[in-house]
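*Asks:* Just so it is clear, I am handing over work15.cif, which has mmCIF, C-alpha atoms and all ligand atoms.
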data_upload
#
loop_
_atom_site.label_atom_id
_atom_site.label_comp_id
_atom_site.auth_asym_id
_atom_site.auth_seq_id
_atom_site.Cartn_x
_atom_site.Cartn_y
_atom_site.Cartn_z
CA MET A 76 1.20 17.22 -30.39
CA SER A 77 -0.48 17.23 -26.96
CA LYS A 78 1.52 16.22 -23.91
CA ILE A 79 1.32 12.58 -22.83
CA THR A 80 0.21 11.99 -19.26
CA ALA A 81 0.00 8.64 -17.45
CA ALA A 82 -3.55 7.65 -16.59
CA ILE A 83 -4.88 4.78 -14.52
CA THR A 84 -7.26 3.00 -16.89
CA ALA A 85 -8.14 -0.15 -14.90
CA VAL A 86 -8.11 -1.49 -11.34
CA GLY A 87 -8.15 -5.01 -9.89
CA ALA A 88 -7.80 -6.51 -6.42
CA TYR A 89 -7.71 -9.68 -4.37
CA VAL A 90 -7.88 -10.52 -0.67
CA PRO A 91 -7.70 -14.07 0.73
CA GLU A 92 -10.84 -15.69 2.11
CA ASP A 93 -9.55 -16.43 5.61
CA VAL A 94 -10.53 -13.72 8.10
CA LEU A 95 -8.61 -12.99 11.31
CA THR A 96 -10.92 -11.00 13.58
CA ASN A 97 -10.07 -8.98 16.69
CA LYS A 98 -12.00 -11.58 18.70
CA MET A 99 -9.75 -14.34 17.34
CA LEU A 100 -6.66 -12.31 18.27
CA GLU A 101 -7.97 -12.10 21.85
CA SER A 102 -7.31 -15.83 22.16
CA MET A 103 -3.78 -15.50 20.73
CA VAL A 104 -2.30 -12.50 22.61
CA ASP A 105 -3.20 -10.23 25.53
CA THR A 106 -5.42 -7.78 23.67
CA ASN A 107 -9.09 -6.95 23.13
CA ASP A 108 -11.43 -5.76 20.43
CA GLU A 109 -12.05 -2.43 22.15
CA TRP A 110 -8.31 -1.58 22.33
CA ILE A 111 -7.61 -2.54 18.73
CA THR A 112 -10.68 -0.72 17.37
CA SER A 113 -10.12 2.49 19.30
CA ARG A 114 -6.32 2.64 18.73
CA THR A 115 -6.23 1.55 15.07
CA GLY A 116 -9.73 1.36 13.53
CA ILE A 117 -9.10 -2.28 12.54
CA LYS A 118 -11.82 -4.92 13.07
CA GLU A 119 -10.47 -7.76 10.95
CA ARG A 120 -7.81 -8.63 8.39
CA ARG A 121 -7.34 -11.33 5.70
CA ILE A 122 -4.70 -14.05 5.93
CA LEU A 123 -3.37 -16.20 3.07
CA LYS A 124 -3.27 -19.74 4.44
CA LYS A 125 -2.64 -21.70 1.25
CA GLU A 126 0.30 -24.04 1.78
CA GLY A 127 3.37 -22.98 -0.19
CA GLU A 128 1.76 -19.85 -1.65
CA GLY A 129 3.36 -16.43 -1.20
CA THR A 130 2.91 -12.86 -2.38
CA SER A 131 2.84 -13.87 -6.06
CA TYR A 132 -0.39 -15.78 -5.42
CA LEU A 133 -2.05 -12.54 -4.29
CA ALA A 134 -0.42 -10.48 -7.07
CA ILE A 135 -1.53 -12.91 -9.79
CA LYS A 136 -5.12 -12.95 -8.52
CA ALA A 137 -5.28 -9.13 -8.42
CA ALA A 138 -3.79 -8.87 -11.92
CA GLU A 139 -6.18 -11.51 -13.27
CA ASN A 140 -9.08 -9.56 -11.79
CA LEU A 141 -7.88 -6.42 -13.60
CA ILE A 142 -7.38 -8.27 -16.89
CA GLU A 143 -10.82 -9.85 -16.70
CA LYS A 144 -12.55 -6.54 -15.85
CA SER A 145 -10.74 -4.49 -18.49
CA GLY A 146 -10.60 -7.12 -21.23
CA ILE A 147 -6.99 -6.24 -22.14
CA ASP A 148 -4.75 -8.82 -23.78
CA PRO A 149 -1.93 -9.53 -21.27
CA LYS A 150 0.47 -9.90 -24.21
CA THR A 151 0.15 -6.14 -24.77
CA ILE A 152 1.58 -5.30 -21.33
CA ASP A 153 5.11 -3.85 -21.62
CA LEU A 154 6.16 -3.87 -17.98
CA VAL A 155 4.97 -5.50 -14.74
CA ILE A 156 6.10 -3.93 -11.48
CA VAL A 157 5.32 -5.76 -8.23
CA SER A 158 5.57 -3.37 -5.30
CA THR A 159 6.13 -5.50 -2.23
CA ALA A 160 7.92 -5.82 1.10
CA THR A 161 7.42 -9.59 1.12
CA PRO A 162 8.76 -11.10 -2.12
CA ASP A 163 8.23 -14.84 -2.60
CA MET A 164 11.94 -15.49 -2.25
CA LYS A 165 15.29 -13.73 -2.52
CA ALA A 166 17.13 -13.18 -5.81
CA ALA A 167 14.25 -14.49 -8.02
CA THR A 168 12.03 -11.46 -8.59
CA THR A 169 8.37 -12.08 -7.73
CA ALA A 170 7.32 -9.89 -10.66
CA ALA A 171 8.84 -12.24 -13.27
CA TYR A 172 6.84 -15.21 -11.98
CA THR A 173 3.71 -13.06 -11.72
CA ALA A 174 4.08 -11.75 -15.30
CA SER A 175 4.56 -15.27 -16.70
CA GLN A 176 1.56 -16.65 -14.81
CA ILE A 177 -0.80 -13.94 -16.08
CA GLY A 178 0.39 -14.36 -19.68
CA ALA A 179 2.30 -11.06 -19.90
CA THR A 180 4.87 -12.83 -22.02
CA ASN A 181 6.07 -9.71 -23.86
CA ALA A 182 6.75 -7.77 -20.67
CA PHE A 183 9.85 -7.27 -18.57
CA SER A 184 9.28 -7.14 -14.85
CA TYR A 185 10.80 -6.36 -11.48
CA ASP A 186 9.99 -5.86 -7.80
CA LEU A 187 10.03 -2.46 -6.14
CA GLU A 188 10.59 -2.34 -2.38
CA ALA A 189 9.96 0.71 -0.23
CA ALA A 190 7.96 -0.83 2.64
CA CYS A 191 4.51 0.74 3.01
CA SER A 192 5.37 3.36 0.37
CA SER A 193 6.19 0.71 -2.27
CA PHE A 194 2.99 1.30 -4.25
CA LEU A 195 3.24 5.10 -4.00
CA TYR A 196 6.80 5.03 -5.33
CA GLY A 197 5.70 2.48 -7.95
CA MET A 198 3.11 4.97 -9.22
CA SER A 199 5.91 7.46 -9.77
CA THR A 200 8.03 4.90 -11.65
CA ALA A 201 5.17 3.56 -13.77
CA SER A 202 4.04 7.07 -14.71
CA ALA A 203 7.53 8.16 -15.73
CA TYR A 204 7.79 5.28 -18.22
CA ILE A 205 4.45 6.27 -19.78
CA GLU A 206 5.07 10.04 -19.81
CA SER A 207 8.43 9.55 -21.54
CA GLY A 208 6.70 7.63 -24.31
CA ARG A 209 8.92 4.60 -23.74
CA TYR A 210 6.10 2.18 -22.88
CA LYS A 211 2.34 2.07 -23.46
CA ARG A 212 1.07 -0.36 -20.84
CA VAL A 213 2.55 -0.64 -17.35
CA LEU A 214 0.88 -2.95 -14.86
CA LEU A 215 1.61 -1.89 -11.29
CA ILE A 216 0.71 -4.40 -8.58
CA GLY A 217 0.91 -3.79 -4.82
CA ALA A 218 0.94 -7.10 -2.98
CA ASP A 219 2.02 -8.30 0.44
CA LYS A 220 1.71 -11.47 2.44
CA MET A 221 2.46 -9.68 5.71
CA SER A 222 1.45 -12.76 7.70
CA SER A 223 4.70 -14.37 6.46
CA MET A 224 6.78 -12.03 8.61
CA ILE A 225 4.54 -11.37 11.59
CA ASN A 226 5.23 -12.68 15.08
CA TYR A 227 1.80 -13.84 16.26
CA THR A 228 2.94 -13.68 19.89
CA ASP A 229 3.74 -9.94 19.65
CA ARG A 230 0.59 -7.95 20.33
CA ALA A 231 2.27 -4.72 19.20
CA THR A 232 2.47 -5.89 15.57
CA CYS A 233 0.20 -8.88 14.99
CA ILE A 234 -2.99 -6.87 15.40
CA ILE A 235 -2.07 -4.43 12.65
CA PHE A 236 -1.12 -6.30 9.50
CA GLY A 237 -3.04 -8.32 6.92
CA ASP A 238 -2.54 -9.86 3.46
CA GLY A 239 -3.87 -8.53 0.15
CA ALA A 240 -3.14 -7.20 -3.32
CA GLY A 241 -4.31 -4.55 -5.74
CA ALA A 242 -3.34 -3.70 -9.31
CA VAL A 243 -3.64 -0.71 -11.63
CA LEU A 244 -2.89 -0.27 -15.31
CA PHE A 245 -1.11 2.89 -16.47
CA GLU A 246 -1.63 4.00 -20.09
CA PRO A 247 -0.95 7.20 -22.08
CA ASN A 248 -3.57 9.96 -21.98
CA THR A 249 -3.76 13.07 -24.14
CA GLU A 250 -6.59 14.85 -22.26
CA GLY A 251 -4.34 15.93 -19.39
CA LEU A 252 -5.80 13.27 -17.07
CA GLY A 253 -3.84 10.91 -14.82
CA TYR A 254 -0.56 11.63 -13.04
CA GLN A 255 -0.04 15.32 -12.24
CA ASN A 256 2.62 15.76 -9.58
CA GLU A 257 4.44 14.18 -6.65
CA TYR A 258 6.20 14.92 -3.40
CA LEU A 259 8.32 11.91 -2.31
CA ARG A 260 10.81 11.65 0.53
CA SER A 261 12.80 9.17 2.66
CA ASP A 262 14.91 9.23 5.84
CA GLY A 263 17.18 6.39 6.97
CA VAL A 264 16.56 7.21 10.62
CA GLY A 265 13.51 4.95 10.31
CA ARG A 266 15.31 1.59 10.26
CA GLU A 267 15.68 1.75 14.04
CA PHE A 268 11.95 1.83 14.56
CA LEU A 269 10.42 -0.50 11.98
CA ARG A 270 12.21 -3.49 10.47
CA ALA A 271 12.61 -7.25 10.13
CA LYS A 272 16.30 -7.44 10.94
CA PHE A 273 17.55 -10.99 10.44
CA GLY A 274 17.46 -12.63 7.03
CA GLY A 275 18.78 -9.46 5.40
CA SER A 276 22.37 -9.22 4.11
CA SER A 277 23.65 -7.42 7.21
CA TYR A 278 22.19 -10.01 9.52
CA PRO A 279 22.04 -13.54 8.07
CA THR A 280 19.50 -15.65 9.94
CA THR A 281 20.82 -17.60 12.92
CA PRO A 282 19.04 -20.22 15.03
CA GLU A 283 19.03 -17.71 17.92
CA ALA A 284 17.47 -15.00 15.76
CA LEU A 285 14.80 -17.42 14.57
CA ALA A 286 14.03 -18.51 18.14
CA ASN A 287 13.74 -14.84 19.20
CA HIS A 288 11.49 -13.94 16.23
CA GLU A 289 14.09 -11.41 15.04
CA HIS A 290 13.48 -12.33 11.38
CA GLU A 291 9.93 -11.02 11.83
CA VAL A 292 8.62 -7.46 12.00
CA PHE A 293 9.59 -5.31 14.95
CA GLN A 294 7.90 -1.96 15.36
CA ASP A 295 8.37 0.78 17.94
CA GLY A 296 4.78 1.87 17.36
CA LYS A 297 4.88 5.10 19.34
CA HIS A 298 7.89 6.46 17.41
CA VAL A 299 6.60 5.34 14.03
CA PHE A 300 3.20 6.85 14.83
CA LYS A 301 4.78 10.24 15.60
CA TYR A 302 6.78 10.32 12.35
CA ALA A 303 3.85 8.95 10.33
CA VAL A 304 1.35 11.52 11.56
CA SER A 305 3.56 14.52 10.91
CA ASN A 306 5.12 13.37 7.62
CA MET A 307 2.02 11.94 5.93
CA ALA A 308 -0.03 15.02 6.85
CA ASP A 309 2.82 17.34 5.76
CA ALA A 310 3.15 15.52 2.44
CA ALA A 311 -0.56 15.87 1.73
CA ALA A 312 -0.47 19.58 2.60
CA LYS A 313 2.65 20.11 0.43
CA ILE A 314 1.14 18.54 -2.70
CA LEU A 315 -1.92 20.81 -2.39
CA GLU A 316 0.32 23.83 -1.95
CA LYS A 317 2.61 22.84 -4.86
CA ASN A 318 -0.40 22.60 -7.17
CA ASN A 319 -2.40 25.57 -5.88
CA LEU A 320 -5.23 23.28 -4.82
CA SER A 321 -7.70 24.06 -2.05
CA LYS A 322 -9.65 21.46 -0.11
CA ASP A 323 -12.67 22.16 -2.32
CA ASP A 324 -10.72 21.07 -5.40
CA ILE A 325 -10.10 17.61 -3.94
CA ALA A 326 -12.59 14.81 -4.67
CA TRP A 327 -10.76 12.08 -2.74
CA LEU A 328 -7.90 11.40 -0.37
CA VAL A 329 -6.45 7.88 -0.76
CA PRO A 330 -4.38 7.39 2.39
CA HIS A 331 -2.17 4.45 3.36
CA GLN A 332 -4.24 2.34 5.77
CA ALA A 333 -1.90 1.93 8.76
CA ASN A 334 -3.97 3.47 11.53
CA LYS A 335 -7.29 5.32 11.42
CA ARG A 336 -5.83 8.00 13.69
CA ILE A 337 -3.03 8.71 11.16
CA ILE A 338 -5.60 8.86 8.34
CA ASP A 339 -7.80 11.27 10.35
CA ALA A 340 -4.81 13.49 11.17
CA THR A 341 -3.88 13.67 7.47
CA ALA A 342 -7.45 14.52 6.43
CA ASN A 343 -7.71 17.15 9.19
CA ARG A 344 -4.45 18.76 8.13
CA ILE A 345 -5.85 19.47 4.66
CA GLU A 346 -9.32 20.15 6.15
CA LEU A 347 -10.97 17.44 4.09
CA ASP A 348 -14.48 16.20 4.93
CA PRO A 349 -14.47 12.56 6.16
CA GLU A 350 -16.74 11.48 3.27
CA LYS A 351 -13.92 12.34 0.84
CA VAL A 352 -11.48 10.02 2.59
CA MET A 353 -11.17 6.43 1.36
CA MET A 354 -11.13 4.03 4.28
CA ASN A 355 -11.20 0.23 4.42
CA ILE A 356 -8.75 -0.38 7.28
CA HIS A 357 -11.57 -1.93 9.34
CA LYS A 358 -11.82 -4.81 6.81
CA TYR A 359 -8.20 -5.45 5.84
CA GLY A 360 -5.86 -3.86 8.41
CA ASN A 361 -2.50 -2.69 7.09
CA THR A 362 -1.73 -4.62 3.89
CA THR A 363 1.47 -2.58 3.31
CA SER A 364 1.90 -2.26 -0.49
CA ALA A 365 -1.73 -3.14 -1.20
CA THR A 366 -3.55 -0.46 0.80
CA LEU A 367 -3.76 2.21 -1.93
CA PRO A 368 -4.96 0.00 -4.82
CA LEU A 369 -7.37 -1.84 -2.48
CA CYS A 370 -8.92 1.55 -1.69
CA LEU A 371 -9.22 2.38 -5.40
CA HIS A 372 -10.86 -0.99 -5.98
CA ASP A 373 -13.38 -0.55 -3.16
CA TYR A 374 -14.29 3.01 -4.22
CA GLU A 375 -13.97 2.55 -8.01
CA ASN A 376 -17.74 2.90 -8.61
CA GLN A 377 -17.79 6.28 -6.89
CA LEU A 378 -14.93 7.79 -8.91
CA LYS A 379 -15.68 10.18 -11.76
CA LYS A 380 -13.63 11.26 -14.77
CA GLY A 381 -11.64 14.37 -13.86
CA ASP A 382 -11.77 13.80 -10.08
CA ASN A 383 -8.72 15.26 -8.32
CA ILE A 384 -7.25 12.53 -6.11
CA ILE A 385 -4.49 12.86 -3.51
CA PHE A 386 -2.57 9.72 -2.52
CA ALA A 387 -0.51 9.77 0.68
CA ALA A 388 1.58 7.09 2.37
CA PHE A 389 4.17 6.57 5.09
CA GLY A 390 6.25 3.45 5.73
CA GLY A 391 9.38 1.74 6.95
CA GLY A 392 12.77 3.11 6.06
CA PHE A 393 11.32 5.74 6.58
CA THR A 394 9.66 6.37 3.22
CA TRP A 395 6.73 8.68 2.55
CA GLY A 396 5.08 11.12 0.21
CA SER A 397 2.03 12.19 -1.73
CA ILE A 398 0.85 12.09 -5.33
CA TYR A 399 -1.74 14.17 -7.19
CA LEU A 400 -3.63 12.36 -9.96
CA LYS A 401 -6.73 13.13 -12.05
CA TRP A 402 -9.04 10.15 -12.48
CA ALA A 403 -9.44 9.22 -16.13
CA TYR A 404 -12.71 7.26 -16.38
O1 LIG B 501 2.44 1.22 7.94
C1 LIG B 501 3.75 1.56 8.24
C2 LIG B 501 3.91 2.50 9.34
N1 LIG B 501 3.29 2.05 10.55
C3 LIG B 501 2.44 2.81 11.20
O2 LIG B 501 2.14 3.88 10.72
C4 LIG B 501 1.97 2.38 12.56
C5 LIG B 501 2.20 3.48 13.57
N2 LIG B 501 1.89 3.12 14.96
C6 LIG B 501 0.65 2.83 15.37
O3 LIG B 501 -0.28 2.73 14.60
C7 LIG B 501 0.42 2.71 16.87
O4 LIG B 501 1.57 3.15 17.53
C8 LIG B 501 0.06 1.28 17.36
C9 LIG B 501 -1.32 0.91 16.87
C10 LIG B 501 1.08 0.30 16.85
C11 LIG B 501 0.04 1.26 18.89
O5 LIG B 501 -0.87 2.23 19.40
P1 LIG B 501 -0.41 3.27 20.50
O6 LIG B 501 -1.58 4.08 20.85
O7 LIG B 501 0.80 4.02 19.98
O8 LIG B 501 -0.03 2.35 21.71
P2 LIG B 501 1.33 2.28 22.54
O9 LIG B 501 2.35 1.52 21.78
O10 LIG B 501 1.67 3.66 23.02
O11 LIG B 501 0.87 1.43 23.77
C12 LIG B 501 -0.07 1.94 24.72
C13 LIG B 501 -0.36 0.84 25.72
C14 LIG B 501 0.89 0.17 26.29
O12 LIG B 501 0.63 -0.16 27.63
P3 LIG B 501 1.17 0.77 28.84
O13 LIG B 501 2.67 0.81 28.66
O14 LIG B 501 0.53 2.10 28.62
O15 LIG B 501 0.71 0.04 30.03
C15 LIG B 501 1.02 -1.08 25.47
O16 LIG B 501 1.71 -2.10 26.15
O17 LIG B 501 -1.10 -0.20 25.09
C16 LIG B 501 -0.42 -1.45 25.25
N3 LIG B 501 -0.64 -2.26 24.08
C17 LIG B 501 -1.72 -3.03 23.88
N4 LIG B 501 -2.77 -3.28 24.68
C18 LIG B 501 -3.72 -4.12 24.20
C19 LIG B 501 0.16 -2.35 22.97
N5 LIG B 501 -0.41 -3.19 22.09
C20 LIG B 501 -1.56 -3.62 22.63
C21 LIG B 501 -2.57 -4.50 22.20
N6 LIG B 501 -3.64 -4.71 23.01
N7 LIG B 501 -2.53 -5.12 20.99
#
What does this structure look like when you write it as structure tokens?
Ligand code: UT7

*Replies:*
Amino acid sequence: MSKITAAITAVGAYVPEDVLTNKMLESMVDTNDEWITSRTGIKERRILKKEGEGTSYLAIKAAENLIEKSGIDPKTIDLVIVSTATPDMKAATTAAYTASQIGATNAFSYDLEAACSSFLYGMSTASAYIESGRYKRVLLIGADKMSSMINYTDRATCIIFGDGAGAVLFEPNTEGLGYQNEYLRSDGVGREFLRAKFGGSSYPTTPEALANHEHEVFQDGKHVFKYAVSNMADAAAKILEKNNLSKDDIAWLVPHQANKRIIDATANRIELDPEKVMMNIHKYGNTTSATLPLCLHDYENQLKKGDNIIFAAFGGGFTWGSIYLKWAY
């Protein structure tokens, strides 16, 4: 019997209609389009403004898009994983609500949280379930309503993040396509430099914390940038080395969209031509768990069966890594 690999067989995505441009941010904080564009590559981002709607709204829309495109019966999905840093609420997993709303009534479901690496780690988890033969259809969704934890008076963070969601379906493959290998790491040193402190179990929210925006994202950008550049580039180089791949073997790099300069540094490290690098940061900013599947969605028409794809991400915690996958359709 041939070995079972875990292939991505469908992609879906959703971004909210409301656009927050650099020009609009100029009227909110002391910043300008030229600074944001040259330092990050971002021109605009999407914001979910629907009253009372959270990350599940984005996740459901992305999953529905995938289901509609692929024609699969949601009742055949075994597991729904929602990778997110912004669950709808505590204790009640966002994935359970998402699965029910899309009609995945025979699935179990849970959230997976690893900041900006949530989707990357989710790919590892989803693939392992398929490779082991335990499940046949795993729906992995990366979704974040980052605007729910952004301080829109802090120019160091509010220019970066946006809202969005993407989804992929993992299914068994017997042609050797799909998930090939991974290099995943984490380092707790990162919690000093990127976090939303209050509201967590160590720091229950207080009126003072709320007034000081300490329940929202704080980032020491310079430090995070330094770690991100070296670790994301290293991870990409390591996965090539581990799999005896040269730059000519690679069809695409799918990098986390946090900063164009980090993406460029990663591509340069593995000497990849810019046209092989997926990039949509100018349209969406950093959507945290949604960046990788949003890239797949935007570039889906250009992907070919057998393409060697390298995913790379870096995020809070710190968490980071790279994954090597062969495209299956
Ligand atoms: O996705 C998860 C992981 N996150 C990341 O990977 C993000 C990593 N960090 C970054 O992308 C970058 O550090 C930022 C985009 C956040 C900041 O860019 P930077 O080039 O590192 O800027 P900086 O923090 O070193 O600030 C440079 C200057 C400072 O002014 P002085 O001290 O030189 O006078 C800042 O006060 O730019 C100033 N500045 C701004 N100016 C205009 C900071 N934010 C802004 C702003 N507009 N929005």

*Asks:* Against ligand LIG 501 (chain B), which residues of chain A fall within 8 Å? For each one I want the closest pair of atoms and the distance in Å (one decimal), counting all atoms listed in the file, rows by chain and increasing residue number, as JSON lines.

*Replies:*
{"residue": "A:Val104", "atom": "CA", "partner": "B:LIG501", "partner_atom": "N7", "distance": 7.6}
{"residue": "A:Asp105", "atom": "CA", "partner": "B:LIG501", "partner_atom": "N6", "distance": 6.1}
{"residue": "A:Thr106", "atom": "CA", "partner": "B:LIG501", "partner_atom": "N6", "distance": 3.6}
{"residue": "A:Asn107", "atom": "CA", "partner": "B:LIG501", "partner_atom": "N6", "distance": 5.9}
{"residue": "A:Trp110", "atom": "CA", "partner": "B:LIG501", "partner_atom": "C18", "distance": 5.6}
{"residue": "A:Ile111", "atom": "CA", "partner": "B:LIG501", "partner_atom": "N7", "distance": 6.1}
{"residue": "A:Arg114", "atom": "CA", "partner": "B:LIG501", "partner_atom": "O6", "distance": 5.4}
{"residue": "A:Thr115", "atom": "CA", "partner": "B:LIG501", "partner_atom": "C9", "distance": 5.3}
{"residue": "A:Ala190", "atom": "CA", "partner": "B:LIG501", "partner_atom": "C1", "distance": 7.4}
{"residue": "A:Cys191", "atom": "CA", "partner": "B:LIG501", "partner_atom": "C1", "distance": 5.3}
{"residue": "A:Arg230", "atom": "CA", "partner": "B:LIG501", "partner_atom": "N7", "distance": 4.3}
{"residue": "A:Ala231", "atom": "CA", "partner": "B:LIG501", "partner_atom": "N5", "distance": 4.2}
{"residue": "A:Thr232", "atom": "CA", "partner": "B:LIG501", "partner_atom": "C10", "distance": 6.5}
{"residue": "A:Cys233", "atom": "CA", "partner": "B:LIG501", "partner_atom": "N7", "distance": 7.6}
{"residue": "A:Ile234", "atom": "CA", "partner": "B:LIG501", "partner_atom": "N7", "distance": 5.9}
{"residue": "A:Ile235", "atom": "CA", "partner": "B:LIG501", "partner_atom": "C9", "distance": 6.8}
{"residue": "A:Leu269", "atom": "CA", "partner": "B:LIG501", "partner_atom": "C2", "distance": 7.6}
{"residue": "A:Gln294", "atom": "CA", "partner": "B:LIG501", "partner_atom": "C10", "distance": 7.3}
{"residue": "A:Asp295", "atom": "CA", "partner": "B:LIG501", "partner_atom": "O9", "distance": 7.2}
{"residue": "A:Gly296", "atom": "CA", "partner": "B:LIG501", "partner_atom": "O4", "distance": 3.5}
{"residue": "A:Lys297", "atom": "CA", "partner": "B:LIG501", "partner_atom": "O4", "distance": 4.2}
{"residue": "A:His298", "atom": "CA", "partner": "B:LIG501", "partner_atom": "O4", "distance": 7.1}
{"residue": "A:Val299", "atom": "CA", "partner": "B:LIG501", "partner_atom": "C5", "distance": 4.8}
{"residue": "A:Phe300", "atom": "CA", "partner": "B:LIG501", "partner_atom": "C5", "distance": 3.7}
{"residue": "A:Lys301", "atom": "CA", "partner": "B:LIG501", "partner_atom": "C5", "distance": 7.5}
{"residue": "A:Ala303", "atom": "CA", "partner": "B:LIG501", "partner_atom": "O2", "distance": 5.4}
{"residue": "A:Val304", "atom": "CA", "partner": "B:LIG501", "partner_atom": "O2", "distance": 7.7}
{"residue": "A:His331", "atom": "CA", "partner": "B:LIG501", "partner_atom": "O1", "distance": 7.3}
{"residue": "A:Gln332", "atom": "CA", "partner": "B:LIG501", "partner_atom": "O1", "distance": 7.1}
{"residue": "A:Ala333", "atom": "CA", "partner": "B:LIG501", "partner_atom": "O1", "distance": 4.5}
{"residue": "A:Asn334", "atom": "CA", "partner": "B:LIG501", "partner_atom": "O3", "distance": 4.9}
{"residue": "A:Arg336", "atom": "CA", "partner": "B:LIG501", "partner_atom": "O3", "distance": 7.7}
{"residue": "A:Ile337", "atom": "CA", "partner": "B:LIG501", "partner_atom": "O2", "distance": 7.1}
{"residue": "A:Asn361", "atom": "CA", "partner": "B:LIG501", "partner_atom": "O1", "distance": 6.4}
{"residue": "A:Thr363", "atom": "CA", "partner": "B:LIG501", "partner_atom": "O1", "distance": 6.1}
{"residue": "A:Phe389", "atom": "CA", "partner": "B:LIG501", "partner_atom": "C2", "distance": 5.9}
{"residue": "A:Gly390", "atom": "CA", "partner": "B:LIG501", "partner_atom": "C1", "distance": 4.0}
{"residue": "A:Gly391", "atom": "CA", "partner": "B:LIG501", "partner_atom": "C1", "distance": 5.8}

*Asks:* What are the closest atom pairs, with distances in Å to one decimal, for all residues of range 210-242 of chain A lying within 12 Å of range 87-99 of chain A? Consider all atoms listed in the file, order rows by chain and residue number, and present the result as a tab-separated table.

*Replies:*
residue	atom	partner	partner_atom	distance
A:Leu214	CA	A:Gly87	CA	10.5
A:Leu215	CA	A:Gly87	CA	10.3
A:Ile216	CA	A:Gly87	CA	9.0
A:Gly217	CA	A:Ala88	CA	9.3
A:Ala218	CA	A:Tyr89	CA	9.1
A:Asp219	CA	A:Val90	CA	10.2
A:Lys220	CA	A:Pro91	CA	9.9
A:Ser222	CA	A:Leu95	CA	10.7
A:Tyr227	CA	A:Leu95	CA	11.6
A:Arg230	CA	A:Asn97	CA	11.3
A:Cys233	CA	A:Leu95	CA	10.4
A:Ile234	CA	A:Asn97	CA	7.5
A:Ile235	CA	A:Asn97	CA	10.1
A:Phe236	CA	A:Leu95	CA	10.2
A:Gly237	CA	A:Leu95	CA	8.5
A:Asp238	CA	A:Val90	CA	6.8
A:Gly239	CA	A:Val90	CA	4.6
A:Ala240	CA	A:Tyr89	CA	5.3
A:Gly241	CA	A:Ala88	CA	4.1
A:Ala242	CA	A:Gly87	CA	5.0

*Asks:* Go through A:Trp402, A:Val213, A:Thr362, A:Tyr278 and flag the residue nearest Thr159 in chain A, using only C-alpha atoms for the distances.

*Replies:*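 That would be A:Thr362, the residue with the smallest distance to Thr159 in chain A.
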
*Asks:* Which one of A:Cys370, A:Ala85, A:Ile79, A:Ala286 sits closest to Ile147 in chain A if you count all atoms listed in the file?

*Replies:*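 Smallest distance to Ile147 in chain A is found for A:Ala85.
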
*Asks:* Identify, on the basis of all atoms listed in the file, every residue whose closest approach to Tyr399 in chain A does not exceed 12 Å; exclude the query and any residue fewer than 2 positions from it along the same chain; express the result as a ChimeraX atom specification.

*Replies:* /A:81-82,195,198-199,202,252-259,310-320,324-329,381-387,396-397,401-402

*Asks:* Could you please take those selected residues and save C-alpha atoms as a CSV table (one decimal), in the coordinates of the input?

*Replies:*
chain,number,residue,atom,x,y,z
A,81,ALA,CA,0.0,8.6,-17.4
A,82,ALA,CA,-3.6,7.6,-16.6
A,195,LEU,CA,3.2,5.1,-4.0
A,198,MET,CA,3.1,5.0,-9.2
A,199,SER,CA,5.9,7.5,-9.8
A,202,SER,CA,4.0,7.1,-14.7
A,252,LEU,CA,-5.8,13.3,-17.1
A,253,GLY,CA,-3.8,10.9,-14.8
A,254,TYR,CA,-0.6,11.6,-13.0
A,255,GLN,CA,0.0,15.3,-12.2
A,256,ASN,CA,2.6,15.8,-9.6
A,257,GLU,CA,4.4,14.2,-6.6
A,258,TYR,CA,6.2,14.9,-3.4
A,259,LEU,CA,8.3,11.9,-2.3
A,310,ALA,CA,3.2,15.5,2.4
A,311,ALA,CA,-0.6,15.9,1.7
A,312,ALA,CA,-0.5,19.6,2.6
A,313,LYS,CA,2.6,20.1,0.4
A,314,ILE,CA,1.1,18.5,-2.7
A,315,LEU,CA,-1.9,20.8,-2.4
A,316,GLU,CA,0.3,23.8,-2.0
A,317,LYS,CA,2.6,22.8,-4.9
A,318,ASN,CA,-0.4,22.6,-7.2
A,319,ASN,CA,-2.4,25.6,-5.9
A,320,LEU,CA,-5.2,23.3,-4.8
A,324,ASP,CA,-10.7,21.1,-5.4
A,325,ILE,CA,-10.1,17.6,-3.9
A,326,ALA,CA,-12.6,14.8,-4.7
A,327,TRP,CA,-10.8,12.1,-2.7
A,328,LEU,CA,-7.9,11.4,-0.4
A,329,VAL,CA,-6.4,7.9,-0.8
A,381,GLY,CA,-11.6,14.4,-13.9
A,382,ASP,CA,-11.8,13.8,-10.1
A,383,ASN,CA,-8.7,15.3,-8.3
A,384,ILE,CA,-7.2,12.5,-6.1
A,385,ILE,CA,-4.5,12.9,-3.5
A,386,PHE,CA,-2.6,9.7,-2.5
A,387,ALA,CA,-0.5,9.8,0.7
A,396,GLY,CA,5.1,11.1,0.2
A,397,SER,CA,2.0,12.2,-1.7
A,401,LYS,CA,-6.7,13.1,-12.0
A,402,TRP,CA,-9.0,10.2,-12.5

*Asks:* For each of A:Ser276, A:Lys211, A:Met221, A:Met164, take the minimum atom-to-atom distance to Arg121 in chain A, counting all atoms listed in the file, then give the residue where this is smallest.

*Replies:*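 Among the listed residues, the smallest separation from Arg121 in chain A belongs to A:Met221.
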
*Asks:* Could you jot down the CA of Asp186 in chain A to CA of Lys136 in chain A separation for me, Å, one decimal place?

*Replies:*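 Atom-to-atom, CA of Asp186 in chain A and CA of Lys136 in chain A are spaced 16.7 Å apart.
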